[in-house]
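Have a look at the structure below before the remarks.
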Amino acid sequence: MGTTHILGYPRIGPGREIKFALEAFWRGEADESYLQGVGRGLRARNWDKQSEAGLRFLGAGDFAFYDQVLNMAALLGCPPRRFGFDTDRLSLKDYFALARGSADQPAMEMTKWFDTNYHYLVPELDPLTRFGGGPDWYFDQIREAQLRGTAVKAILIGPVTFLYLSKATEPGFDRLRLLRPLAEAYARLLERLQQTGIQWVQIDEPALCLDLPPEWLDAFDRAYPVLAGRAPNLLLTTYFDSVEAYADRIVRLPVQGIHLDLVRGPSQIKKWATTLPQDWVLSAGVVDGRNIWRADLRRLLASLHPLHEKFQDRLWIAPSCSLLHVPVSLENEQKLAADVHSWLAFADQKLDEIRILGSALDSGENAVASELDHSDALQKSRRENARVSNEWVRKRLADVSADMAKRANPFGARILKQRDRLKLPPLPTTTIGSFPQTQQIRSARGAYKRREISALEYLERIRAEIRTAVERQEALGLDVLVHGEAERNDMVEYFGEQLWGFAFTENGWVQSYGSRCVKPPIIYGDVYRPEPMTVDTARYAQSLTEKPMKGMLTGPVTILQWSFVRDDQPRKLTAFQIALAIRDEVADLEKAGIGVIQIDEPAFREGLPLKRRNWESYLDWAVHAFKLSAAAAADETQIHTHMCYSEFNDILPAIAAMDADVITIETSRSKMELLDGFGQFSYPNEIGPGVYDIHSPRVPSTDEMTRLLERACGVIPPERLWVNPDCGLKTRGWPETEAALRSMVEAAHRMRKRLDISKPIALSA
Ligand code: GLN
Ligand code: ZN
């Protein structure tokens with residue numbers, strides 16, 4: 001019988017059981033045995049599902065209470081030394097202290113897992129790091145799976161990826177110096193797995209999908225021979241992109257098979273079909289582990305048949321990557337439109353797809369004829385659905401001309417007219433958009449959603465919030481005001497709910513980090529804006545003040561990046577459709593008299609492909625999408641954009657090409673280091689480097705912010721500088737927000753005096 005398997009499963013549970021259990025445990029309302037019970041229950045459910053789908057293996061070792069990379073560090077006995085924990089007796093309490101910080105130690109740093117929205121904790125290594133002597137949790141879970149009587153495949157993050165994703169805590173320390181002892185620690189783990197009767201280990205090396213520097217490629221040649229000694233069979237597992245470029249080296253590694261992501265890297269199969277070593281298995285990752293569409297089973301089988309003929313039992317069938325990145329089950333979705341529902345497959349449903357593919361290869365397509373017919377019918381219904389394909393949207397996109405993505409005049413001309421209109425002081429102060437989402441706001445939104453209050457009453461409550469926000473900003477003396485985003489639960493959902501082509505699930509949660517989950521919208525069809533989305537709010541807010549009110553929109557790239565995107569057309573076309581909808585909103589805001597419009601693109605950088613050679617084409621279309629959304633604005637309308645969460649220096653030319661009049665960016669955590677890049681590159685337009693970190697309740701002093709502004713003035717000509725926090729303030733409370741903004745405004749005043757640019761400023765542009 002052919003081998004079917006999966007690389008990992010969501011561990012949050014169908015009703016986010018893990019979240020509620022973790023949070024109860026952290027609040028001290030549940031004890032450890034309760035939490036362990038929930039963990040066992042979730043693992044049992046996941047294995048039941050895998051058994052029901054008749055998978056050849058149960059996957060074990062992918063469960064984590066917080067994060068799989070942290071688990072790996074615990075298993076290797078190398079949690080950050082600064083916590084001073086006893087590594088062999090690491091308790092669950094210690095484990096959470098690593099993840100969330102303790103009284104005297106900040107939490108481990110968190111960063112994105114490749115190009116996903118999942119965040120892992122970054123292991124910390126130094127010359128004194130030793131491996132070995134971790135807790136037994138991992139082996140306990142392997143045993144738990146083995147007791148079920150089905151063959152178990154153990155899942156581990158591989159040594160090179162682990163090392164690559166770690167950081168050195170001492171400057172200049174080359175973590176590759178730890179490769180040898182790390183590989184030996186892995187060898188011990190593998191030997192122990194072999195003693196428990198494990199025959200296959202899935203060893204994840206997604207780092208192979210990056211552009212690896214030569215010394216990191218060599219690390220594979222150095223580490224794997226150390227592992228190979230007394231290990232079970234190793235399935236070298238790659239995902240998120242192709243590893244074709246390294247195939248000729250990979251085949252020399254002492255492993256027994258390779259897993260390929262044939263969704264992200266479909267063309268690599270040609271190369272692998274001819275180079276696969278005689279004794280290796282080939283695990284074909286054909287079902288998309290990153291998206292929620294049902295697979296076109298007939299098409300997949302057509303591509304699998306030749307491989308099956310060639311490799312027979314050596315061909316394994318799997319999803320492209322771990323199913324961690326998709327929601328758990330469609331069974332909990334009662335409100336989705338029936339057609340959209342029928343086109344989707346979440347983790348549970350993907351198991352069934354793997355089962356069907358496996359049976360078709362084993363026993364012929366006739367054995368699963370009805371399943372395949374059903375799959376064909378659903379593909380057809382999706383292709384032909386009138387809401388998926390909207391003639392008007394298609395025609396409009398086809399008619400987009402190059403000049404639609406260009407402002408009428410260059411920045412130098414626009415800014416003069418904007419200054420004339422807005423009459424701002426030098427170093428103008430503003431905020432990024434959202435103000436504290438108080439309990440009061442959340443309960444109004446909740447009551448409205450549950451239809452406990454009328455639309456009119458809801459509107460009144462939101463307007464009251466806007467009024468308070470405006471009054472507070474006036475009292476603080478800010479220069480460009482915002483309405484505060486009280487009506488928005490989430491910056492993508494708010495727009496998606498008003499656009500055609502979007503669907504929302506009730507329970508389509510995906511883990512972001514720890515207990516945090518996100519529920520991305522699903523873009524299934526052509527995007528169309530039936531009516532204005534923010535104009536009433538912006539107009540009302542502007543009516544309350546003489547100061548300029550900034551309209552607040554989410555940009556096309558961010559909307560795309562934080563949604564599950566349709567896979568039946570290139571992503572860029574979907575981005576352009578969203579851009580046209582935002583473009584219409586910009587035009588309507590402008591007509592309503594709004595003179596400053598911010599189009600947020602916090603996720604702009606995270607959409608970058610893993611491999612550098614694909615950057616240019618992404619940046620081209622992403623910049624185009626942004627410009628398409630912004631460029632209809634008249635010269636005197638000031639377009640802002642905002643970006644955060646990332647390192648921008650390597651994409652500065654693209655950021656400049658977006659041609660926003662003002663960009664506000666997150667910089668304060670790096671003490672403005674980031675700004676140096678903008679200075680060296682001579683970023684041409686105006687820029688507001690965040691002067692304080694909104695992620696912490698700490699109120700920074702005026703002195704502190706003045707010093708940051710001084711630094712900024714040294715890098716960017718002061719006449720092009722803005723003063724603002726790092727990001728939106730929605731997660732903060734009002735007291736600290738007001739205190740911090742008061743100091744910020746004060747810092748701006750001090751700087752203005754010092755620079756003696758109290759008169760309207762001349763332009764260097
Ligand atoms: N305007 C949004 C806010 O202020 C921007 C959020 C973000 O950058 N993630 O909340
Ligand atoms: Zn931000």
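Residue numbers start at 1 in each chain; chains themselves are named A, B, ... in the order of the structure tokens; ligands are numbered from 1 in the order shown.
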
All residues 12 Å or closer to A:Ser303, only C-alpha atoms, same chain fewer than 3 positions away omitted, as a CSV table (one decimal) with all heavy atoms, in the first residue's frame:
```csv
chain,number,residue,atom,x,y,z
A,262,LEU,N,5.3,20.8,-3.7
A,262,LEU,CA,5.0,20.9,-5.1
A,262,LEU,C,3.9,21.9,-5.4
A,262,LEU,O,3.5,22.0,-6.6
A,262,LEU,CB,4.7,19.5,-5.7
A,262,LEU,CG,5.9,18.5,-5.6
A,262,LEU,CD1,5.5,17.1,-6.2
A,262,LEU,CD2,7.1,19.0,-6.4
A,266,PRO,N,6.4,23.8,-8.0
A,266,PRO,CA,5.9,22.6,-8.8
A,266,PRO,C,6.9,22.2,-9.8
A,266,PRO,O,7.1,21.0,-10.1
A,266,PRO,CB,4.6,23.1,-9.5
A,266,PRO,CG,4.7,24.6,-9.4
A,266,PRO,CD,5.6,25.0,-8.2
A,267,SER,N,7.7,23.1,-10.4
A,267,SER,CA,8.6,22.7,-11.5
A,267,SER,C,9.8,21.9,-11.1
A,267,SER,O,10.4,21.3,-11.9
A,267,SER,CB,9.0,24.0,-12.3
A,267,SER,OG,9.7,24.8,-11.4
A,269,ILE,N,9.8,19.2,-9.7
A,269,ILE,CA,9.6,17.8,-9.8
A,269,ILE,C,10.4,17.1,-11.0
A,269,ILE,O,10.8,16.0,-10.9
A,269,ILE,CB,8.1,17.4,-9.9
A,269,ILE,CG1,7.9,15.9,-9.6
A,269,ILE,CG2,7.4,17.9,-11.1
A,269,ILE,CD1,8.4,15.4,-8.3
A,270,LYS,N,10.5,17.9,-12.1
A,270,LYS,CA,11.2,17.4,-13.3
A,270,LYS,C,12.6,17.0,-12.9
A,270,LYS,O,13.1,15.9,-13.2
A,270,LYS,CB,11.3,18.5,-14.3
A,270,LYS,CG,10.3,18.4,-15.4
A,270,LYS,CD,10.9,18.9,-16.7
A,270,LYS,CE,9.8,19.5,-17.6
A,270,LYS,NZ,9.7,20.9,-17.5
A,273,ALA,N,12.6,14.0,-10.4
A,273,ALA,CA,12.2,12.7,-11.0
A,273,ALA,C,13.4,12.0,-11.7
A,273,ALA,O,13.5,10.8,-11.7
A,273,ALA,CB,11.1,12.9,-12.0
A,284,ALA,N,5.6,13.6,-2.1
A,284,ALA,CA,5.1,14.7,-3.0
A,284,ALA,C,4.1,15.5,-2.3
A,284,ALA,O,3.0,15.1,-1.9
A,284,ALA,CB,4.5,14.1,-4.3
A,285,GLY,N,4.5,16.8,-2.0
A,285,GLY,CA,3.5,17.7,-1.2
A,285,GLY,C,2.6,18.4,-2.2
A,285,GLY,O,3.0,19.4,-2.8
A,286,VAL,N,1.5,17.7,-2.5
A,286,VAL,CA,0.7,18.2,-3.6
A,286,VAL,C,-0.6,19.0,-3.1
A,286,VAL,O,-1.2,19.7,-3.9
A,286,VAL,CB,0.2,17.1,-4.6
A,286,VAL,CG1,1.4,16.6,-5.4
A,286,VAL,CG2,-0.4,15.9,-3.8
A,296,ASP,N,-8.0,20.2,-6.7
A,296,ASP,CA,-8.5,19.6,-7.9
A,296,ASP,C,-7.9,18.2,-8.1
A,296,ASP,O,-6.8,18.0,-8.6
A,296,ASP,CB,-8.1,20.5,-9.1
A,296,ASP,CG,-8.7,20.0,-10.4
A,296,ASP,OD1,-9.2,18.8,-10.5
A,296,ASP,OD2,-8.7,20.8,-11.4
A,297,LEU,N,-8.6,17.3,-7.5
A,297,LEU,CA,-8.0,15.9,-7.3
A,297,LEU,C,-7.7,15.3,-8.7
A,297,LEU,O,-6.7,14.6,-8.8
A,297,LEU,CB,-9.0,15.0,-6.5
A,297,LEU,CG,-9.2,15.5,-5.1
A,297,LEU,CD1,-10.3,14.7,-4.4
A,297,LEU,CD2,-7.9,15.5,-4.3
A,298,ARG,N,-8.5,15.5,-9.6
A,298,ARG,CA,-8.3,14.9,-11.0
A,298,ARG,C,-7.0,15.4,-11.5
A,298,ARG,O,-6.2,14.6,-12.1
A,298,ARG,CB,-9.5,15.2,-11.9
A,298,ARG,CG,-9.5,14.5,-13.1
A,298,ARG,CD,-10.2,13.1,-13.0
A,298,ARG,NE,-11.6,13.2,-12.7
A,298,ARG,CZ,-12.4,12.1,-12.6
A,298,ARG,NH1,-11.8,10.9,-12.7
A,298,ARG,NH2,-13.6,12.2,-12.3
A,299,ARG,N,-6.8,16.7,-11.4
A,299,ARG,CA,-5.6,17.3,-12.0
A,299,ARG,C,-4.3,16.8,-11.2
A,299,ARG,O,-3.3,16.4,-11.8
A,299,ARG,CB,-5.6,18.8,-11.9
A,299,ARG,CG,-4.5,19.5,-12.6
A,299,ARG,CD,-4.7,21.1,-12.4
A,299,ARG,NE,-4.7,21.5,-11.0
A,299,ARG,CZ,-3.6,21.7,-10.3
A,299,ARG,NH1,-2.4,21.4,-10.8
A,299,ARG,NH2,-3.7,22.1,-9.0
A,300,LEU,N,-4.5,16.7,-9.9
A,300,LEU,CA,-3.3,16.2,-9.1
A,300,LEU,C,-3.0,14.8,-9.5
A,300,LEU,O,-1.8,14.4,-9.6
A,300,LEU,CB,-3.6,16.3,-7.6
A,300,LEU,CG,-3.7,17.7,-7.0
A,300,LEU,CD1,-3.9,17.7,-5.5
A,300,LEU,CD2,-2.5,18.5,-7.4
A,306,PRO,N,2.4,9.5,-13.5
A,306,PRO,CA,3.7,9.2,-14.0
A,306,PRO,C,4.8,8.9,-12.9
A,306,PRO,O,5.6,8.1,-13.0
A,306,PRO,CB,4.1,10.4,-14.9
A,306,PRO,CG,3.1,11.4,-14.8
A,306,PRO,CD,1.9,10.8,-14.0
A,307,LEU,N,4.6,9.7,-11.8
A,307,LEU,CA,5.6,9.5,-10.7
A,307,LEU,C,5.4,8.2,-10.1
A,307,LEU,O,6.3,7.5,-9.7
A,307,LEU,CB,5.4,10.6,-9.7
A,307,LEU,CG,5.7,12.1,-10.1
A,307,LEU,CD1,5.3,13.1,-9.0
A,307,LEU,CD2,7.2,12.2,-10.4
A,308,HIS,N,4.1,7.8,-9.9
A,308,HIS,CA,3.7,6.6,-9.3
A,308,HIS,C,4.3,5.4,-10.2
A,308,HIS,O,4.8,4.4,-9.6
A,308,HIS,CB,2.2,6.5,-9.1
A,308,HIS,CG,1.8,5.3,-8.3
A,308,HIS,ND1,0.9,4.4,-8.8
A,308,HIS,CD2,2.1,4.9,-7.1
A,308,HIS,CE1,0.7,3.5,-7.8
A,308,HIS,NE2,1.4,3.8,-6.8
A,309,GLU,N,4.1,5.5,-11.5
A,309,GLU,CA,4.6,4.5,-12.3
A,309,GLU,C,6.1,4.3,-12.1
A,309,GLU,O,6.6,3.2,-12.1
A,309,GLU,CB,4.4,4.9,-13.8
A,309,GLU,CG,3.6,3.9,-14.5
A,309,GLU,CD,2.8,4.5,-15.7
A,309,GLU,OE1,3.5,5.0,-16.6
A,309,GLU,OE2,1.6,4.6,-15.6
A,317,ILE,N,2.5,10.4,-0.5
A,317,ILE,CA,1.6,11.6,-0.8
A,317,ILE,C,1.4,12.4,0.4
A,317,ILE,O,1.1,11.8,1.5
A,317,ILE,CB,0.3,11.1,-1.4
A,317,ILE,CG1,0.4,10.1,-2.5
A,317,ILE,CG2,-0.6,12.2,-1.8
A,317,ILE,CD1,1.1,10.7,-3.7
A,357,LEU,N,-6.5,10.6,-2.8
A,357,LEU,CA,-5.3,10.5,-3.7
A,357,LEU,C,-4.6,9.2,-3.5
A,357,LEU,O,-4.2,8.5,-4.5
A,357,LEU,CB,-4.3,11.6,-3.5
A,357,LEU,CG,-4.9,13.0,-3.9
A,357,LEU,CD1,-3.9,14.1,-3.5
A,357,LEU,CD2,-5.1,13.1,-5.4
A,361,LEU,N,-4.3,6.0,-6.2
A,361,LEU,CA,-3.0,5.4,-6.7
A,361,LEU,C,-2.9,4.0,-6.4
A,361,LEU,O,-2.4,3.2,-7.2
A,361,LEU,CB,-1.8,6.2,-6.1
A,361,LEU,CG,-1.7,7.7,-6.6
A,361,LEU,CD1,-0.5,8.3,-5.9
A,361,LEU,CD2,-1.5,7.7,-8.1
```

_So that I can check the secondary structure, give me every residue of stretch 289-470 of chain A assigned strand (DSSP E or B) by backbone DSSP, as a ChimeraX atom specification._
/A:293,315-319,344,429-430,434

So that I have them on file, write out the residues from the current selection with N, CA and C atoms, as a PDB file, in the first residue's frame.
```
ATOM      1  N   TRP A 293      -8.393  26.138  -0.270  1.00  0.00           N
ATOM      2  CA  TRP A 293      -9.220  25.669  -1.383  1.00  0.00           C
ATOM      3  C   TRP A 293      -9.163  24.168  -1.495  1.00  0.00           C
ATOM      4  N   LEU A 315       6.872   6.413  -3.786  1.00  0.00           N
ATOM      5  CA  LEU A 315       6.173   7.696  -3.857  1.00  0.00           C
ATOM      6  C   LEU A 315       5.243   7.836  -2.656  1.00  0.00           C
ATOM      7  N   TRP A 316       5.448   8.858  -1.877  1.00  0.00           N
ATOM      8  CA  TRP A 316       4.564   9.161  -0.745  1.00  0.00           C
ATOM      9  C   TRP A 316       3.723  10.384  -1.108  1.00  0.00           C
ATOM     10  N   ILE A 317       2.507  10.446  -0.531  1.00  0.00           N
ATOM     11  CA  ILE A 317       1.613  11.571  -0.836  1.00  0.00           C
ATOM     12  C   ILE A 317       1.360  12.371   0.449  1.00  0.00           C
ATOM     13  N   ALA A 318       1.442  13.692   0.323  1.00  0.00           N
ATOM     14  CA  ALA A 318       1.312  14.546   1.517  1.00  0.00           C
ATOM     15  C   ALA A 318       0.834  15.939   1.128  1.00  0.00           C
ATOM     16  N   PRO A 319       0.409  16.706   2.131  1.00  0.00           N
ATOM     17  CA  PRO A 319       0.214  18.145   1.889  1.00  0.00           C
ATOM     18  C   PRO A 319       1.580  18.805   1.665  1.00  0.00           C
ATOM     19  N   LEU A 344     -14.199  24.775  -0.204  1.00  0.00           N
ATOM     20  CA  LEU A 344     -13.106  24.883   0.765  1.00  0.00           C
ATOM     21  C   LEU A 344     -12.680  23.543   1.356  1.00  0.00           C
ATOM     22  N   THR A 429       2.848  66.937  14.025  1.00  0.00           N
ATOM     23  CA  THR A 429       2.586  65.763  14.863  1.00  0.00           C
ATOM     24  C   THR A 429       1.297  65.073  14.392  1.00  0.00           C
ATOM     25  N   THR A 430       1.313  63.751  14.449  1.00  0.00           N
ATOM     26  CA  THR A 430       0.112  62.983  14.108  1.00  0.00           C
ATOM     27  C   THR A 430       0.192  61.614  14.784  1.00  0.00           C
ATOM     28  N   SER A 434      -5.355  54.285  14.983  1.00  0.00           N
ATOM     29  CA  SER A 434      -6.281  53.771  15.984  1.00  0.00           C
ATOM     30  C   SER A 434      -5.986  54.364  17.356  1.00  0.00           C
TER      31      SER A 434
END
```

Chain A residues near ligand 2 within 6 Å, closest pair each, using only C-alpha atoms and all ligand atoms, as CSV:
```
residue,atom,partner,partner_atom_place_in_ligand_line,distance
A:Pro602,CA,ligand 2,1 (Zn),5.6
A:Met643,CA,ligand 2,1 (Zn),5.5
A:Cys644,CA,ligand 2,1 (Zn),4.4
A:Cys727,CA,ligand 2,1 (Zn),3.8
A:Gly728,CA,ligand 2,1 (Zn),5.8
```

Selection above as a file: C-alpha atoms, as a short mmCIF file (atom, residue, chain, number, x, y, z; two decimals), in the first residue's frame:
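Output (result.cif):
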```cif
data_model
loop_
_atom_site.label_atom_id
_atom_site.label_comp_id
_atom_site.auth_asym_id
_atom_site.auth_seq_id
_atom_site.Cartn_x
_atom_site.Cartn_y
_atom_site.Cartn_z
CA PRO A 602 2.09 47.23 7.33
CA MET A 643 4.59 50.38 7.54
CA CYS A 644 5.72 48.40 10.53
CA CYS A 727 2.04 52.29 15.13
CA GLY A 728 -1.66 52.41 16.05
#
```

List all protein, DNA and RNA residues that have an atom no more than 8 Å from any atom of ligand 1, counting only C-alpha atoms and all ligand atoms, and report them as a compact mmCIF listing (two decimals) with all heavy atoms, in the first residue's frame.
```
# COMPACT_ATOMS: atom_id res chain seq x y z
N THR A 431 -0.85 60.81 14.64
CA THR A 431 -0.81 59.43 15.14
C THR A 431 -1.13 58.50 13.97
O THR A 431 -1.47 58.96 12.89
CB THR A 431 -1.83 59.19 16.27
OG1 THR A 431 -3.13 59.47 15.74
CG2 THR A 431 -1.56 60.09 17.46
N ILE A 432 -1.04 57.20 14.20
CA ILE A 432 -1.09 56.25 13.08
C ILE A 432 -2.51 55.84 12.74
O ILE A 432 -2.77 55.23 11.71
CB ILE A 432 -0.19 55.03 13.38
CG1 ILE A 432 1.23 55.50 13.72
CG2 ILE A 432 -0.13 54.06 12.22
CD1 ILE A 432 1.88 56.39 12.66
N GLY A 433 -3.46 56.13 13.59
CA GLY A 433 -4.84 55.86 13.21
C GLY A 433 -5.73 55.40 14.34
O GLY A 433 -6.74 56.03 14.63
N SER A 434 -5.35 54.29 14.98
CA SER A 434 -6.28 53.77 15.98
C SER A 434 -5.99 54.36 17.36
O SER A 434 -4.84 54.65 17.69
CB SER A 434 -6.21 52.25 16.05
OG SER A 434 -4.90 51.83 16.33
N PHE A 435 -7.06 54.52 18.14
CA PHE A 435 -6.95 54.90 19.55
C PHE A 435 -7.43 53.72 20.39
O PHE A 435 -7.98 52.75 19.85
CB PHE A 435 -7.74 56.18 19.82
CG PHE A 435 -6.93 57.41 19.50
CD1 PHE A 435 -7.38 58.35 18.59
CD2 PHE A 435 -5.69 57.59 20.10
CE1 PHE A 435 -6.61 59.47 18.29
CE2 PHE A 435 -4.92 58.71 19.79
CZ PHE A 435 -5.38 59.64 18.89
N GLY A 484 -9.83 57.59 14.94
CA GLY A 484 -9.57 56.66 16.02
C GLY A 484 -9.95 55.20 15.76
O GLY A 484 -9.64 54.34 16.56
N GLU A 485 -10.64 54.94 14.64
CA GLU A 485 -10.94 53.55 14.22
C GLU A 485 -11.78 52.74 15.21
O GLU A 485 -11.70 51.50 15.23
CB GLU A 485 -9.63 52.80 13.87
CG GLU A 485 -8.83 53.48 12.78
CD GLU A 485 -7.52 52.77 12.40
OE1 GLU A 485 -7.43 51.55 12.57
OE2 GLU A 485 -6.61 53.46 11.92
N MET A 491 -8.24 45.77 10.79
CA MET A 491 -8.05 46.68 9.65
C MET A 491 -8.28 46.03 8.29
O MET A 491 -8.43 46.73 7.30
CB MET A 491 -6.67 47.33 9.71
CG MET A 491 -5.52 46.37 9.62
SD MET A 491 -3.92 47.18 9.95
CE MET A 491 -3.75 48.21 8.51
N MET A 552 -8.53 57.09 6.66
CA MET A 552 -7.73 55.93 7.06
C MET A 552 -8.16 54.68 6.29
O MET A 552 -9.27 54.18 6.47
CB MET A 552 -7.98 55.72 8.57
CG MET A 552 -6.97 54.89 9.28
SD MET A 552 -5.26 55.42 9.09
CE MET A 552 -5.30 57.06 9.84
N LEU A 553 -7.28 54.20 5.42
CA LEU A 553 -7.62 53.04 4.59
C LEU A 553 -6.54 51.96 4.75
O LEU A 553 -5.40 52.27 5.06
CB LEU A 553 -7.69 53.45 3.12
CG LEU A 553 -8.64 54.61 2.80
CD1 LEU A 553 -8.52 55.00 1.33
CD2 LEU A 553 -10.08 54.22 3.13
N THR A 554 -6.92 50.74 4.49
CA THR A 554 -5.92 49.67 4.45
C THR A 554 -5.56 49.41 3.00
O THR A 554 -6.44 49.36 2.13
CB THR A 554 -6.48 48.40 5.12
OG1 THR A 554 -6.84 48.73 6.45
CG2 THR A 554 -5.43 47.29 5.15
N GLN A 598 -4.44 58.32 4.57
CA GLN A 598 -3.39 57.34 4.85
C GLN A 598 -3.82 55.98 4.32
O GLN A 598 -4.93 55.52 4.61
CB GLN A 598 -3.14 57.28 6.35
CG GLN A 598 -2.12 56.24 6.79
CD GLN A 598 -1.77 56.39 8.25
OE1 GLN A 598 -1.49 57.50 8.73
NE2 GLN A 598 -1.79 55.30 8.98
N ASP A 600 -2.64 52.34 4.72
CA ASP A 600 -1.71 51.53 5.52
C ASP A 600 -1.20 50.32 4.74
O ASP A 600 -2.00 49.59 4.14
CB ASP A 600 -2.45 50.98 6.76
CG ASP A 600 -2.67 52.04 7.82
OD1 ASP A 600 -1.78 52.89 8.00
OD2 ASP A 600 -3.74 52.01 8.47
N GLU A 601 0.09 50.11 4.79
CA GLU A 601 0.66 48.89 4.20
C GLU A 601 1.63 48.20 5.15
O GLU A 601 2.78 47.94 4.82
CB GLU A 601 1.35 49.20 2.86
CG GLU A 601 0.42 49.47 1.69
CD GLU A 601 -0.34 48.24 1.18
OE1 GLU A 601 -0.44 47.22 1.91
OE2 GLU A 601 -0.85 48.31 0.06
N PRO A 602 1.17 47.86 6.38
CA PRO A 602 2.09 47.23 7.33
C PRO A 602 2.63 45.89 6.83
O PRO A 602 3.71 45.48 7.24
CB PRO A 602 1.23 47.02 8.59
CG PRO A 602 -0.18 47.12 8.14
CD PRO A 602 -0.17 48.06 6.97
N ALA A 603 1.90 45.22 5.94
CA ALA A 603 2.34 43.89 5.51
C ALA A 603 3.09 43.93 4.18
O ALA A 603 3.33 42.89 3.57
CB ALA A 603 1.15 42.95 5.41
N HIS A 642 1.75 53.82 5.90
CA HIS A 642 2.37 53.43 7.16
C HIS A 642 2.85 51.99 7.04
O HIS A 642 2.16 51.15 6.49
CB HIS A 642 1.35 53.55 8.31
CG HIS A 642 1.79 52.85 9.55
ND1 HIS A 642 2.80 53.33 10.35
CD2 HIS A 642 1.39 51.68 10.11
CE1 HIS A 642 2.99 52.48 11.35
NE2 HIS A 642 2.16 51.48 11.23
N MET A 643 4.05 51.74 7.54
CA MET A 643 4.59 50.38 7.54
C MET A 643 5.18 50.06 8.90
O MET A 643 5.71 50.94 9.57
CB MET A 643 5.70 50.25 6.51
CG MET A 643 5.19 50.35 5.11
SD MET A 643 6.50 49.94 3.96
CE MET A 643 5.70 50.47 2.46
N CYS A 644 5.09 48.79 9.27
CA CYS A 644 5.72 48.40 10.53
C CYS A 644 6.15 46.95 10.48
O CYS A 644 6.08 46.32 9.44
CB CYS A 644 4.77 48.65 11.70
SG CYS A 644 3.14 47.96 11.51
N CYS A 727 3.13 53.06 15.72
CA CYS A 727 2.04 52.29 15.13
C CYS A 727 0.74 52.74 15.81
O CYS A 727 0.75 53.66 16.62
CB CYS A 727 2.31 50.79 15.35
SG CYS A 727 1.22 49.71 14.39
N GLY A 728 -0.36 52.06 15.47
CA GLY A 728 -1.66 52.41 16.05
C GLY A 728 -1.70 52.14 17.56
O GLY A 728 -0.94 51.33 18.08
N LEU A 729 -2.61 52.82 18.23
CA LEU A 729 -2.65 52.76 19.69
C LEU A 729 -3.78 51.89 20.22
O LEU A 729 -4.17 51.98 21.38
CB LEU A 729 -2.79 54.20 20.23
CG LEU A 729 -1.55 55.06 19.91
CD1 LEU A 729 -1.88 56.54 19.90
CD2 LEU A 729 -0.46 54.77 20.94
N LYS A 730 -4.34 51.03 19.36
CA LYS A 730 -5.56 50.34 19.78
C LYS A 730 -5.37 49.38 20.95
O LYS A 730 -6.31 49.13 21.68
CB LYS A 730 -6.22 49.64 18.61
CG LYS A 730 -5.48 48.45 18.05
CD LYS A 730 -6.21 48.01 16.80
CE LYS A 730 -6.30 46.52 16.67
NZ LYS A 730 -7.02 46.17 15.44
```

*With a distance cut-off of 7 Å and only C-alpha atoms, select the neighbouring residues of A:His624, excluding the residue or stretch itself and same-chain residues fewer than 4 positions from it, and output the selection as a PyMOL selection string.*
chain A and resi 405+620+628

*May I have all residues of stretch 117-322 of chain A that DSSP, computed from the backbone, assigns to helix (DSSP H, G or I), given as a PyMOL selection string?*
chain A and resi 137-146+159-165+175-195+206-209+214-228+244-250+268-275+297-314

*Skipping near chain neighbours, those fewer than 2 positions away, what residues fall within 9 Å of A:Asp584 using only C-alpha atoms, listed as a ChimeraX atom specification?*
/A:529,532,579-582,586-589,629,632

*Residues at most 9 Å from stretch 98-112 of chain A, counting only C-alpha atoms, excluding those fewer than 2 positions away in the same chain, as a list in words?*
Tyr66, Asp67, Leu70, Pro79, Pro80, Arg82, Phe83, Lys93, Asp94, Tyr95, Phe96, Phe114, Asp115, Thr116, Asn117, Tyr118, His119, Tyr120, Leu121, Val122, Pro123, Glu124, Tyr513, Gly514 and Glu606 of chain A

*Between atom CA of A:Ser322 and atom CA of A:Leu7, measure the distance and give it in Å to one decimal.*
4.6 Å

*Name the closest residue to A:Ser743 among the candidates A:Asn291, A:Ser370, A:Thr196, A:Ser701; distances are taken between atoms, counting only C-alpha atoms.*
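The shortest atom-to-atom distance to A:Ser743 comes from A:Ser701.
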
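Nearest to A:Asn507 of all the residues A:Tyr528, A:Phe346, A:Tyr458, A:Phe57 is A:Phe346, counting only C-alpha atoms.
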
_Near-A:Thr237 list (9 Å; only C-alpha atoms; drop same-chain fewer than 2 positions) as a VMD selection string_ = chain A and resid 7 158 202 to 206 234 to 235 239 257 to 261 283 321

_List as a list in words the protein and nucleic acid residues near A:Ala469, meaning an atom at most 10 Å away when only C-alpha atoms are counted, but skip any in the same chain fewer than 2 places from it._
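In the requested format, the answer is Ser434, Phe435, Pro436, Arg463, Ala464, Glu465, Ile466, Arg467, Glu471, Arg472, Gln473, Glu474, Ala475, Leu481, Val482, His483, Gly484, Glu485, Ala486, Ala541 and Trp734 of chain A.
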